[in-house]
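K.L.:
Just one file: coords_33.txt, with compact mmCIF, N, CA and C atoms.
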```txt
# COMPACT_ATOMS: atom_id res chain seq x y z
N MET F 1 114.14 110.63 108.16
CA MET F 1 114.43 111.58 107.09
C MET F 1 113.55 112.80 107.32
N ASN F 2 114.17 113.97 107.22
CA ASN F 2 113.48 115.21 107.53
C ASN F 2 113.62 116.18 106.36
N THR F 3 112.49 116.69 105.87
CA THR F 3 112.52 117.64 104.76
C THR F 3 112.30 119.07 105.21
N SER F 4 112.18 119.31 106.51
CA SER F 4 111.94 120.68 106.97
C SER F 4 113.12 121.56 106.59
N GLY F 5 112.79 122.80 106.25
CA GLY F 5 113.81 123.73 105.80
C GLY F 5 114.11 123.59 104.32
N THR F 6 113.40 122.68 103.63
CA THR F 6 113.55 122.52 102.19
C THR F 6 112.16 122.60 101.56
N ALA F 7 112.11 122.63 100.25
CA ALA F 7 110.83 122.69 99.54
C ALA F 7 110.37 121.31 99.06
N TRP F 8 111.09 120.24 99.41
CA TRP F 8 110.72 118.90 98.94
C TRP F 8 109.37 118.49 99.51
N ILE F 9 108.51 117.94 98.62
CA ILE F 9 107.20 117.42 99.06
C ILE F 9 107.04 116.00 98.53
N PRO F 10 106.37 115.12 99.30
CA PRO F 10 106.14 113.75 98.82
C PRO F 10 105.17 113.74 97.65
N ILE F 11 105.49 112.94 96.63
CA ILE F 11 104.57 112.81 95.49
C ILE F 11 104.11 111.38 95.28
N ALA F 12 104.84 110.41 95.83
CA ALA F 12 104.43 109.01 95.62
C ALA F 12 105.15 108.11 96.62
N ASP F 13 104.48 107.02 96.93
CA ASP F 13 105.06 105.93 97.72
C ASP F 13 104.67 104.66 96.98
N ILE F 14 105.58 104.21 96.11
CA ILE F 14 105.29 103.07 95.24
C ILE F 14 106.17 101.90 95.63
N ASP F 15 105.55 100.78 95.94
CA ASP F 15 106.29 99.57 96.29
C ASP F 15 107.35 99.82 97.36
N GLY F 16 107.02 100.63 98.35
CA GLY F 16 107.95 100.90 99.42
C GLY F 16 109.01 101.93 99.09
N SER F 17 108.95 102.53 97.89
CA SER F 17 109.88 103.58 97.50
C SER F 17 109.20 104.93 97.65
N LEU F 18 109.87 105.85 98.30
CA LEU F 18 109.34 107.19 98.51
C LEU F 18 109.92 108.12 97.47
N ARG F 19 109.07 108.96 96.87
CA ARG F 19 109.54 109.95 95.88
C ARG F 19 109.12 111.33 96.35
N LEU F 20 110.07 112.26 96.30
CA LEU F 20 109.83 113.65 96.64
C LEU F 20 110.08 114.50 95.40
N GLN F 21 109.45 115.70 95.36
CA GLN F 21 109.62 116.59 94.22
C GLN F 21 109.72 118.03 94.71
N LEU F 22 110.44 118.85 93.97
CA LEU F 22 110.48 120.29 94.23
C LEU F 22 109.40 120.94 93.37
N PRO F 23 108.38 121.55 93.96
CA PRO F 23 107.30 122.15 93.16
C PRO F 23 107.79 123.18 92.15
N SER F 24 108.84 123.91 92.48
CA SER F 24 109.35 124.93 91.57
C SER F 24 110.17 124.35 90.43
N GLN F 25 110.58 123.08 90.56
CA GLN F 25 111.38 122.40 89.53
C GLN F 25 110.83 120.99 89.34
N PRO F 26 109.80 120.82 88.51
CA PRO F 26 109.15 119.51 88.37
C PRO F 26 110.09 118.38 87.94
N ALA F 27 111.21 118.70 87.29
CA ALA F 27 112.14 117.64 86.87
C ALA F 27 113.00 117.15 88.03
N ALA F 28 113.03 117.91 89.12
CA ALA F 28 113.87 117.56 90.27
C ALA F 28 113.13 116.56 91.16
N THR F 29 113.74 115.39 91.37
CA THR F 29 113.14 114.39 92.25
C THR F 29 114.21 113.82 93.19
N LEU F 30 113.74 113.38 94.33
CA LEU F 30 114.58 112.69 95.30
C LEU F 30 113.82 111.43 95.68
N ALA F 31 114.40 110.28 95.39
CA ALA F 31 113.74 109.00 95.66
C ALA F 31 114.55 108.23 96.69
N LEU F 32 113.84 107.43 97.48
CA LEU F 32 114.46 106.55 98.46
C LEU F 32 113.85 105.18 98.33
N HIS F 33 114.68 104.17 98.17
CA HIS F 33 114.19 102.81 98.26
C HIS F 33 115.23 101.97 98.99
N PHE F 34 114.82 100.78 99.37
CA PHE F 34 115.67 99.91 100.17
C PHE F 34 115.93 98.60 99.44
N ASP F 35 117.08 98.04 99.72
CA ASP F 35 117.47 96.75 99.17
C ASP F 35 118.08 95.94 100.31
N GLU F 36 118.13 94.64 100.13
CA GLU F 36 118.76 93.77 101.11
C GLU F 36 119.95 93.07 100.48
N VAL F 37 121.02 92.96 101.26
CA VAL F 37 122.23 92.27 100.83
C VAL F 37 122.71 91.42 102.00
N PRO F 38 123.49 90.39 101.74
CA PRO F 38 124.07 89.65 102.85
C PRO F 38 124.91 90.60 103.72
N PRO F 39 124.87 90.44 105.04
CA PRO F 39 125.56 91.39 105.92
C PRO F 39 127.06 91.51 105.67
N ASN F 40 127.70 90.48 105.12
CA ASN F 40 129.15 90.52 104.90
C ASN F 40 129.54 91.12 103.55
N VAL F 41 128.59 91.51 102.72
CA VAL F 41 128.89 92.10 101.41
C VAL F 41 129.28 93.56 101.60
N LYS F 42 130.44 93.92 101.08
CA LYS F 42 130.90 95.30 101.14
C LYS F 42 130.10 96.16 100.17
N LEU F 43 129.89 97.38 100.55
CA LEU F 43 129.07 98.29 99.76
C LEU F 43 129.68 98.56 98.38
N ASP F 44 131.01 98.66 98.30
CA ASP F 44 131.62 98.93 96.99
C ASP F 44 131.41 97.77 96.02
N LEU F 45 131.39 96.53 96.52
CA LEU F 45 131.11 95.37 95.65
C LEU F 45 129.66 95.38 95.19
N TYR F 46 128.77 95.74 96.09
CA TYR F 46 127.35 95.86 95.74
C TYR F 46 127.16 96.93 94.66
N ALA F 47 127.84 98.06 94.81
CA ALA F 47 127.72 99.16 93.85
C ALA F 47 128.32 98.79 92.49
N LYS F 48 129.38 97.99 92.47
CA LYS F 48 129.98 97.58 91.20
C LYS F 48 129.00 96.81 90.33
N LYS F 49 128.13 96.04 90.98
CA LYS F 49 127.10 95.31 90.24
C LYS F 49 126.22 96.29 89.47
N TRP F 50 125.90 97.40 90.09
CA TRP F 50 125.08 98.41 89.45
C TRP F 50 125.84 99.14 88.36
N ALA F 51 127.13 99.36 88.57
CA ALA F 51 127.92 100.15 87.62
C ALA F 51 127.83 99.59 86.21
N ARG F 52 127.78 98.29 86.09
CA ARG F 52 127.65 97.68 84.75
C ARG F 52 126.31 98.02 84.11
N GLU F 53 125.30 98.18 84.94
CA GLU F 53 123.96 98.46 84.42
C GLU F 53 123.78 99.93 84.02
N TYR F 54 124.52 100.83 84.66
CA TYR F 54 124.37 102.26 84.37
C TYR F 54 124.56 102.54 82.88
N SER F 55 125.60 101.99 82.28
CA SER F 55 125.89 102.29 80.88
C SER F 55 124.78 101.79 79.96
N GLN F 56 124.10 100.71 80.35
CA GLN F 56 123.00 100.19 79.53
C GLN F 56 121.86 101.19 79.44
N PHE F 57 121.74 102.06 80.44
CA PHE F 57 120.68 103.06 80.46
C PHE F 57 121.18 104.44 80.04
N GLY F 58 122.38 104.51 79.48
CA GLY F 58 122.92 105.75 78.96
C GLY F 58 123.58 106.65 79.99
N PHE F 59 123.90 106.12 81.16
CA PHE F 59 124.54 106.92 82.20
C PHE F 59 126.05 106.79 82.14
N GLU F 60 126.72 107.88 82.43
CA GLU F 60 128.17 107.89 82.55
C GLU F 60 128.50 108.24 84.01
N ILE F 61 129.36 107.44 84.62
CA ILE F 61 129.75 107.70 86.00
C ILE F 61 130.79 108.82 86.02
N LEU F 62 130.48 109.89 86.73
CA LEU F 62 131.40 111.02 86.86
C LEU F 62 132.40 110.78 87.98
N GLY F 63 131.98 110.06 89.00
CA GLY F 63 132.86 109.78 90.12
C GLY F 63 132.12 109.07 91.23
N SER F 64 132.88 108.47 92.12
CA SER F 64 132.28 107.80 93.27
C SER F 64 133.27 107.85 94.43
N GLN F 65 132.73 107.80 95.63
CA GLN F 65 133.59 107.78 96.81
C GLN F 65 132.87 107.11 97.96
N THR F 66 133.65 106.47 98.80
CA THR F 66 133.14 105.84 100.01
C THR F 66 133.22 106.86 101.13
N VAL F 67 132.14 106.96 101.91
CA VAL F 67 132.07 107.93 103.01
C VAL F 67 131.37 107.27 104.20
N GLN F 68 131.34 107.95 105.31
CA GLN F 68 130.57 107.53 106.48
C GLN F 68 129.43 108.51 106.66
N LEU F 69 128.20 108.00 106.72
CA LEU F 69 127.03 108.83 106.99
C LEU F 69 126.30 108.23 108.18
N SER F 70 126.05 109.02 109.17
CA SER F 70 125.37 108.55 110.39
C SER F 70 126.06 107.32 110.97
N GLY F 71 127.37 107.24 110.81
CA GLY F 71 128.12 106.12 111.35
C GLY F 71 128.04 104.84 110.55
N HIS F 72 127.51 104.92 109.34
CA HIS F 72 127.34 103.73 108.51
C HIS F 72 128.19 103.83 107.24
N GLU F 73 128.63 102.65 106.77
CA GLU F 73 129.34 102.57 105.51
C GLU F 73 128.42 103.11 104.41
N SER F 74 128.92 104.06 103.63
CA SER F 74 128.10 104.72 102.62
C SER F 74 128.93 104.96 101.37
N MET F 75 128.23 105.21 100.27
CA MET F 75 128.89 105.47 99.00
C MET F 75 128.11 106.53 98.23
N VAL F 76 128.83 107.46 97.62
CA VAL F 76 128.23 108.51 96.80
C VAL F 76 128.67 108.27 95.36
N ILE F 77 127.70 108.24 94.44
CA ILE F 77 127.99 108.02 93.02
C ILE F 77 127.33 109.14 92.22
N ASP F 78 128.14 109.88 91.47
CA ASP F 78 127.62 110.95 90.62
C ASP F 78 127.59 110.49 89.17
N LEU F 79 126.45 110.75 88.50
CA LEU F 79 126.25 110.28 87.14
C LEU F 79 125.63 111.37 86.27
N VAL F 80 125.80 111.21 84.97
CA VAL F 80 125.16 112.10 84.00
C VAL F 80 124.56 111.23 82.90
N GLN F 81 123.40 111.64 82.41
CA GLN F 81 122.75 110.98 81.28
C GLN F 81 122.64 112.04 80.18
N LYS F 82 123.64 112.08 79.34
CA LYS F 82 123.75 113.16 78.36
C LYS F 82 122.59 113.18 77.37
N SER F 83 122.08 112.02 76.98
CA SER F 83 121.01 111.99 75.99
C SER F 83 119.74 112.67 76.48
N LYS F 84 119.54 112.74 77.81
CA LYS F 84 118.37 113.40 78.38
C LYS F 84 118.74 114.66 79.15
N SER F 85 120.02 115.05 79.08
CA SER F 85 120.52 116.22 79.81
C SER F 85 120.17 116.17 81.29
N GLN F 86 120.32 114.98 81.88
CA GLN F 86 120.03 114.81 83.30
C GLN F 86 121.30 114.48 84.07
N GLN F 87 121.32 114.90 85.31
CA GLN F 87 122.40 114.54 86.20
C GLN F 87 121.79 113.99 87.47
N LEU F 88 122.49 113.05 88.09
CA LEU F 88 121.98 112.51 89.33
C LEU F 88 123.09 112.10 90.27
N ARG F 89 122.71 112.03 91.52
CA ARG F 89 123.61 111.53 92.56
C ARG F 89 122.87 110.42 93.28
N GLN F 90 123.55 109.29 93.43
CA GLN F 90 123.01 108.21 94.24
C GLN F 90 123.86 108.12 95.51
N VAL F 91 123.17 107.99 96.63
CA VAL F 91 123.83 107.81 97.92
C VAL F 91 123.32 106.50 98.49
N LEU F 92 124.24 105.58 98.74
CA LEU F 92 123.91 104.28 99.30
C LEU F 92 124.41 104.25 100.74
N ILE F 93 123.53 103.87 101.65
CA ILE F 93 123.88 103.80 103.07
C ILE F 93 123.56 102.39 103.54
N LYS F 94 124.56 101.69 104.08
CA LYS F 94 124.39 100.27 104.46
C LYS F 94 124.44 100.11 105.97
N LYS F 95 123.50 99.35 106.46
CA LYS F 95 123.50 98.93 107.87
C LYS F 95 123.15 97.45 107.89
N GLU F 96 124.12 96.64 108.27
CA GLU F 96 123.98 95.19 108.31
C GLU F 96 123.53 94.68 106.95
N LYS F 97 122.29 94.21 106.82
CA LYS F 97 121.86 93.68 105.52
C LYS F 97 120.92 94.61 104.75
N LYS F 98 120.69 95.79 105.27
CA LYS F 98 119.83 96.78 104.60
C LYS F 98 120.68 97.84 103.92
N VAL F 99 120.24 98.23 102.72
CA VAL F 99 120.87 99.34 102.00
C VAL F 99 119.78 100.34 101.64
N ALA F 100 119.95 101.58 102.11
CA ALA F 100 119.07 102.68 101.72
C ALA F 100 119.70 103.33 100.50
N ILE F 101 118.91 103.50 99.44
CA ILE F 101 119.42 104.05 98.19
C ILE F 101 118.63 105.32 97.86
N PHE F 102 119.34 106.44 97.95
CA PHE F 102 118.76 107.73 97.59
C PHE F 102 119.19 108.08 96.17
N THR F 103 118.27 108.61 95.38
CA THR F 103 118.59 109.09 94.04
C THR F 103 118.07 110.51 93.89
N CYS F 104 118.99 111.44 93.75
CA CYS F 104 118.68 112.85 93.52
C CYS F 104 118.87 113.10 92.03
N ARG F 105 117.81 113.57 91.36
CA ARG F 105 117.86 113.73 89.89
C ARG F 105 117.29 115.08 89.49
N ASP F 106 117.92 115.67 88.49
CA ASP F 106 117.41 116.92 87.92
C ASP F 106 118.03 117.11 86.54
N GLN F 107 117.55 118.09 85.82
CA GLN F 107 118.18 118.46 84.56
C GLN F 107 119.59 118.96 84.88
N GLN F 108 120.52 118.81 83.94
CA GLN F 108 121.92 119.16 84.20
C GLN F 108 122.10 120.62 84.62
N ALA F 109 121.44 121.55 83.94
CA ALA F 109 121.66 122.97 84.22
C ALA F 109 121.34 123.35 85.68
N PRO F 110 120.19 122.97 86.24
CA PRO F 110 119.90 123.37 87.62
C PRO F 110 120.38 122.38 88.68
N PHE F 111 121.05 121.30 88.28
CA PHE F 111 121.41 120.25 89.23
C PHE F 111 122.24 120.77 90.41
N LEU F 112 123.19 121.64 90.15
CA LEU F 112 124.04 122.14 91.24
C LEU F 112 123.27 122.97 92.25
N LYS F 113 122.11 123.50 91.87
CA LYS F 113 121.25 124.21 92.82
C LYS F 113 120.37 123.23 93.59
N THR F 114 120.00 122.14 92.96
CA THR F 114 119.15 121.12 93.59
C THR F 114 119.94 120.28 94.58
N LEU F 115 121.18 119.97 94.25
CA LEU F 115 121.99 119.05 95.03
C LEU F 115 122.11 119.40 96.52
N PRO F 116 122.34 120.65 96.91
CA PRO F 116 122.47 120.94 98.33
C PRO F 116 121.22 120.57 99.15
N THR F 117 120.03 120.76 98.57
CA THR F 117 118.82 120.40 99.31
C THR F 117 118.66 118.88 99.38
N CYS F 118 119.08 118.18 98.33
CA CYS F 118 119.09 116.71 98.38
C CYS F 118 120.01 116.25 99.52
N ASN F 119 121.22 116.80 99.53
CA ASN F 119 122.18 116.41 100.55
C ASN F 119 121.66 116.72 101.95
N GLN F 120 120.96 117.84 102.10
CA GLN F 120 120.41 118.22 103.40
C GLN F 120 119.42 117.17 103.90
N VAL F 121 118.55 116.70 103.02
CA VAL F 121 117.57 115.68 103.40
C VAL F 121 118.27 114.35 103.67
N ILE F 122 119.19 113.96 102.82
CA ILE F 122 119.88 112.67 102.97
C ILE F 122 120.63 112.61 104.30
N ARG F 123 121.25 113.71 104.69
CA ARG F 123 122.01 113.73 105.95
C ARG F 123 121.13 113.50 107.19
N THR F 124 119.81 113.72 107.05
CA THR F 124 118.93 113.51 108.20
C THR F 124 118.45 112.07 108.31
N PHE F 125 118.78 111.22 107.35
CA PHE F 125 118.29 109.84 107.33
C PHE F 125 118.86 109.03 108.49
N ARG F 126 117.99 108.25 109.12
CA ARG F 126 118.39 107.30 110.17
C ARG F 126 117.63 106.00 109.94
N PHE F 127 118.32 104.88 110.08
CA PHE F 127 117.65 103.58 110.03
C PHE F 127 116.82 103.43 111.29
N LEU F 128 115.62 102.86 111.14
CA LEU F 128 114.80 102.54 112.31
C LEU F 128 115.33 101.26 112.91
N GLU F 129 115.43 101.20 114.18
CA GLU F 129 115.98 99.99 114.86
C GLU F 129 114.95 98.89 114.89
```
For the file at hand, write its structure as structure tokens.
P.N.:
Amino acid sequence: MNTSGTAWIPIADIDGSLRLQLPSQPAATLALHFDEVPPNVKLDLYAKKWAREYSQFGFEILGSQTVQLSGHESMVIDLVQKSKSQQLRQVLIKKEKKVAIFTCRDQQAPFLKTLPTCNQVIRTFRFLE
């Protein structure tokens, strides 16, 4: 994962999860953590498990789509949390039994400005062999 060409800086590495922040927008964060699933589990089934939990935390799913990133099965999920005026995008990238989960979060108003830099960093992600 490469942050060059963006303003993202690391702010924490907690329990193997990396968190980045934009200094000019303290509410904007980009987090990465990993999960393990059986190698034969499809990513959309794994994501459906989460979808039930989103509503418990006040999130509404705006949309989702399956894509290929770096040659791996991936999924993009866009959400909004109206009670906190936050919007986020989760990008799940699966390789065998590992799932990399990126969460790009910001206040709703500036989210569309934050999202391109999140996407730029996410596109540079590669699993270590």
K.L.:
Excluding Gln87 (chain F) and its own-chain neighbours fewer than 4 positions away, which residues fall within 7 Å of it when counting only C-alpha atoms? Please give them as a PyMOL selection string.
P.N.:
chain F and resi 79-81+105-108+111
K.L.:
What is the CA of Arg126 (chain F)-CA of Leu45 (chain F) distance in Å, reported with one decimal?
P.N.:
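Taking CA of Arg126 (chain F) as the start and CA of Leu45 (chain F) as the end point, the length is 22.7 Å.
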K.L.:
Looking at F:Leu115, F:Ile9, F:Ile93, F:Ala109, which one is nearest to Ser24 (chain F), with distances taken over only C-alpha atoms?
P.N.:
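Using only C-alpha atoms, Ser24 (chain F) sits closest to F:Ile9.
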K.L.:
At a cut-off of 8 Å, using only C-alpha atoms, what residues contact Ala31 (chain F)? Leave out same-chain residues fewer than 2 positions from it and give the result as a VMD selection string.
P.N.:
chain F and resid 17 to 20 29 33 101 to 104
K.L.:
So that I can check the surroundings of Gln65 (chain F), please list as an NGL selection string every protein, DNA and RNA residue that reaches within 6.5 Å of it, counting only N, CA and C atoms and ignoring chain neighbours fewer than 6 positions away.
P.N.:
:F and (74-77)
K.L.:
Have a look at atom N of Ile122 (chain F) and atom C of Leu69 (chain F) and let me know their distance in Å, one decimal.
P.N.:
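Computed distance, atom N of Ile122 (chain F) to atom C of Leu69 (chain F), equals 10.6 Å.
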K.L.:
Taking the DSSP assignment computed from this structure's backbone, write out as number ranges by chain all residues of chain F that belong to strand (DSSP E or B).
P.N.:
F: 9-14, 17-22, 25-36, 60-69, 72-81, 86-95, 98-107
K.L.:
Between atom C of Asn40 (chain F) and atom C of Gln90 (chain F), what is the distance, to one decimal in Å?
P.N.:
19.6 Å
K.L.:
Using only C-alpha atoms, which residue out of F:Asn2, F:Ser83, F:Thr124, F:Thr114 lies closest to Phe57 (chain F)?
P.N.:
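Smallest distance to Phe57 (chain F) is found for F:Ser83.
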K.L.:
Looking only at the backbone, which of the residues in region 1-128 of chain F does DSSP tag as alpha helix (DSSP H), as an MDAnalysis selection string?
P.N.:
chainID F and resid 43:56 108:123
K.L.:
Mind dumping the selected residues with N, CA and C atoms as a PDB file, keeping the file's coordinate frame?
P.N.:
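Heads up, here's the output in result.pdb:
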```pdb
ATOM      1  N   LEU F  43     129.890  97.380 100.550  1.00  0.00           N
ATOM      2  CA  LEU F  43     129.070  98.290  99.760  1.00  0.00           C
ATOM      3  C   LEU F  43     129.680  98.560  98.380  1.00  0.00           C
ATOM      4  N   ASP F  44     131.010  98.660  98.300  1.00  0.00           N
ATOM      5  CA  ASP F  44     131.620  98.930  96.990  1.00  0.00           C
ATOM      6  C   ASP F  44     131.410  97.770  96.020  1.00  0.00           C
ATOM      7  N   LEU F  45     131.390  96.530  96.520  1.00  0.00           N
ATOM      8  CA  LEU F  45     131.110  95.370  95.650  1.00  0.00           C
ATOM      9  C   LEU F  45     129.660  95.380  95.190  1.00  0.00           C
ATOM     10  N   TYR F  46     128.770  95.740  96.090  1.00  0.00           N
ATOM     11  CA  TYR F  46     127.350  95.860  95.740  1.00  0.00           C
ATOM     12  C   TYR F  46     127.160  96.930  94.660  1.00  0.00           C
ATOM     13  N   ALA F  47     127.840  98.060  94.810  1.00  0.00           N
ATOM     14  CA  ALA F  47     127.720  99.160  93.850  1.00  0.00           C
ATOM     15  C   ALA F  47     128.320  98.790  92.490  1.00  0.00           C
ATOM     16  N   LYS F  48     129.380  97.990  92.470  1.00  0.00           N
ATOM     17  CA  LYS F  48     129.980  97.580  91.200  1.00  0.00           C
ATOM     18  C   LYS F  48     129.000  96.810  90.330  1.00  0.00           C
ATOM     19  N   LYS F  49     128.130  96.040  90.980  1.00  0.00           N
ATOM     20  CA  LYS F  49     127.100  95.310  90.240  1.00  0.00           C
ATOM     21  C   LYS F  49     126.220  96.290  89.470  1.00  0.00           C
ATOM     22  N   TRP F  50     125.900  97.400  90.090  1.00  0.00           N
ATOM     23  CA  TRP F  50     125.080  98.410  89.450  1.00  0.00           C
ATOM     24  C   TRP F  50     125.840  99.140  88.360  1.00  0.00           C
ATOM     25  N   ALA F  51     127.130  99.360  88.570  1.00  0.00           N
ATOM     26  CA  ALA F  51     127.920 100.150  87.620  1.00  0.00           C
ATOM     27  C   ALA F  51     127.830  99.590  86.210  1.00  0.00           C
ATOM     28  N   ARG F  52     127.780  98.290  86.090  1.00  0.00           N
ATOM     29  CA  ARG F  52     127.650  97.680  84.750  1.00  0.00           C
ATOM     30  C   ARG F  52     126.310  98.020  84.110  1.00  0.00           C
ATOM     31  N   GLU F  53     125.300  98.180  84.940  1.00  0.00           N
ATOM     32  CA  GLU F  53     123.960  98.460  84.420  1.00  0.00           C
ATOM     33  C   GLU F  53     123.780  99.930  84.020  1.00  0.00           C
ATOM     34  N   TYR F  54     124.520 100.830  84.660  1.00  0.00           N
ATOM     35  CA  TYR F  54     124.370 102.260  84.370  1.00  0.00           C
ATOM     36  C   TYR F  54     124.560 102.540  82.880  1.00  0.00           C
ATOM     37  N   SER F  55     125.600 101.990  82.280  1.00  0.00           N
ATOM     38  CA  SER F  55     125.890 102.290  80.880  1.00  0.00           C
ATOM     39  C   SER F  55     124.780 101.790  79.960  1.00  0.00           C
ATOM     40  N   GLN F  56     124.100 100.710  80.350  1.00  0.00           N
ATOM     41  CA  GLN F  56     123.000 100.190  79.530  1.00  0.00           C
ATOM     42  C   GLN F  56     121.860 101.190  79.440  1.00  0.00           C
ATOM     43  N   GLN F 108     120.520 118.810  83.940  1.00  0.00           N
ATOM     44  CA  GLN F 108     121.920 119.160  84.200  1.00  0.00           C
ATOM     45  C   GLN F 108     122.100 120.620  84.620  1.00  0.00           C
ATOM     46  N   ALA F 109     121.440 121.550  83.940  1.00  0.00           N
ATOM     47  CA  ALA F 109     121.660 122.970  84.220  1.00  0.00           C
ATOM     48  C   ALA F 109     121.340 123.350  85.680  1.00  0.00           C
ATOM     49  N   PRO F 110     120.190 122.970  86.240  1.00  0.00           N
ATOM     50  CA  PRO F 110     119.900 123.370  87.620  1.00  0.00           C
ATOM     51  C   PRO F 110     120.380 122.380  88.680  1.00  0.00           C
ATOM     52  N   PHE F 111     121.050 121.300  88.280  1.00  0.00           N
ATOM     53  CA  PHE F 111     121.410 120.250  89.230  1.00  0.00           C
ATOM     54  C   PHE F 111     122.240 120.770  90.410  1.00  0.00           C
ATOM     55  N   LEU F 112     123.190 121.640  90.150  1.00  0.00           N
ATOM     56  CA  LEU F 112     124.040 122.140  91.240  1.00  0.00           C
ATOM     57  C   LEU F 112     123.270 122.970  92.250  1.00  0.00           C
ATOM     58  N   LYS F 113     122.110 123.500  91.870  1.00  0.00           N
ATOM     59  CA  LYS F 113     121.250 124.210  92.820  1.00  0.00           C
ATOM     60  C   LYS F 113     120.370 123.230  93.590  1.00  0.00           C
ATOM     61  N   THR F 114     120.000 122.140  92.960  1.00  0.00           N
ATOM     62  CA  THR F 114     119.150 121.120  93.590  1.00  0.00           C
ATOM     63  C   THR F 114     119.940 120.280  94.580  1.00  0.00           C
ATOM     64  N   LEU F 115     121.180 119.970  94.250  1.00  0.00           N
ATOM     65  CA  LEU F 115     121.990 119.050  95.030  1.00  0.00           C
ATOM     66  C   LEU F 115     122.110 119.400  96.520  1.00  0.00           C
ATOM     67  N   PRO F 116     122.340 120.650  96.910  1.00  0.00           N
ATOM     68  CA  PRO F 116     122.470 120.940  98.330  1.00  0.00           C
ATOM     69  C   PRO F 116     121.220 120.570  99.150  1.00  0.00           C
ATOM     70  N   THR F 117     120.030 120.760  98.570  1.00  0.00           N
ATOM     71  CA  THR F 117     118.820 120.400  99.310  1.00  0.00           C
ATOM     72  C   THR F 117     118.660 118.880  99.380  1.00  0.00           C
ATOM     73  N   CYS F 118     119.080 118.180  98.330  1.00  0.00           N
ATOM     74  CA  CYS F 118     119.090 116.710  98.380  1.00  0.00           C
ATOM     75  C   CYS F 118     120.010 116.250  99.520  1.00  0.00           C
ATOM     76  N   ASN F 119     121.220 116.800  99.530  1.00  0.00           N
ATOM     77  CA  ASN F 119     122.180 116.410 100.550  1.00  0.00           C
ATOM     78  C   ASN F 119     121.660 116.720 101.950  1.00  0.00           C
ATOM     79  N   GLN F 120     120.960 117.840 102.100  1.00  0.00           N
ATOM     80  CA  GLN F 120     120.410 118.220 103.400  1.00  0.00           C
ATOM     81  C   GLN F 120     119.420 117.170 103.900  1.00  0.00           C
ATOM     82  N   VAL F 121     118.550 116.700 103.020  1.00  0.00           N
ATOM     83  CA  VAL F 121     117.570 115.680 103.400  1.00  0.00           C
ATOM     84  C   VAL F 121     118.270 114.350 103.670  1.00  0.00           C
ATOM     85  N   ILE F 122     119.190 113.960 102.820  1.00  0.00           N
ATOM     86  CA  ILE F 122     119.880 112.670 102.970  1.00  0.00           C
ATOM     87  C   ILE F 122     120.630 112.610 104.300  1.00  0.00           C
ATOM     88  N   ARG F 123     121.250 113.710 104.690  1.00  0.00           N
ATOM     89  CA  ARG F 123     122.010 113.730 105.950  1.00  0.00           C
ATOM     90  C   ARG F 123     121.130 113.500 107.190  1.00  0.00           C
TER      91      ARG F 123
END
```
K.L.:
Residues within 5 Å of (123.7, 91.9, 110.1), file coordinates, counting all atoms listed in the file: what are they? Give the list as a list in words.
P.N.:
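The distance filter leaves exactly Pro39, Glu96 and Lys97 of chain F.
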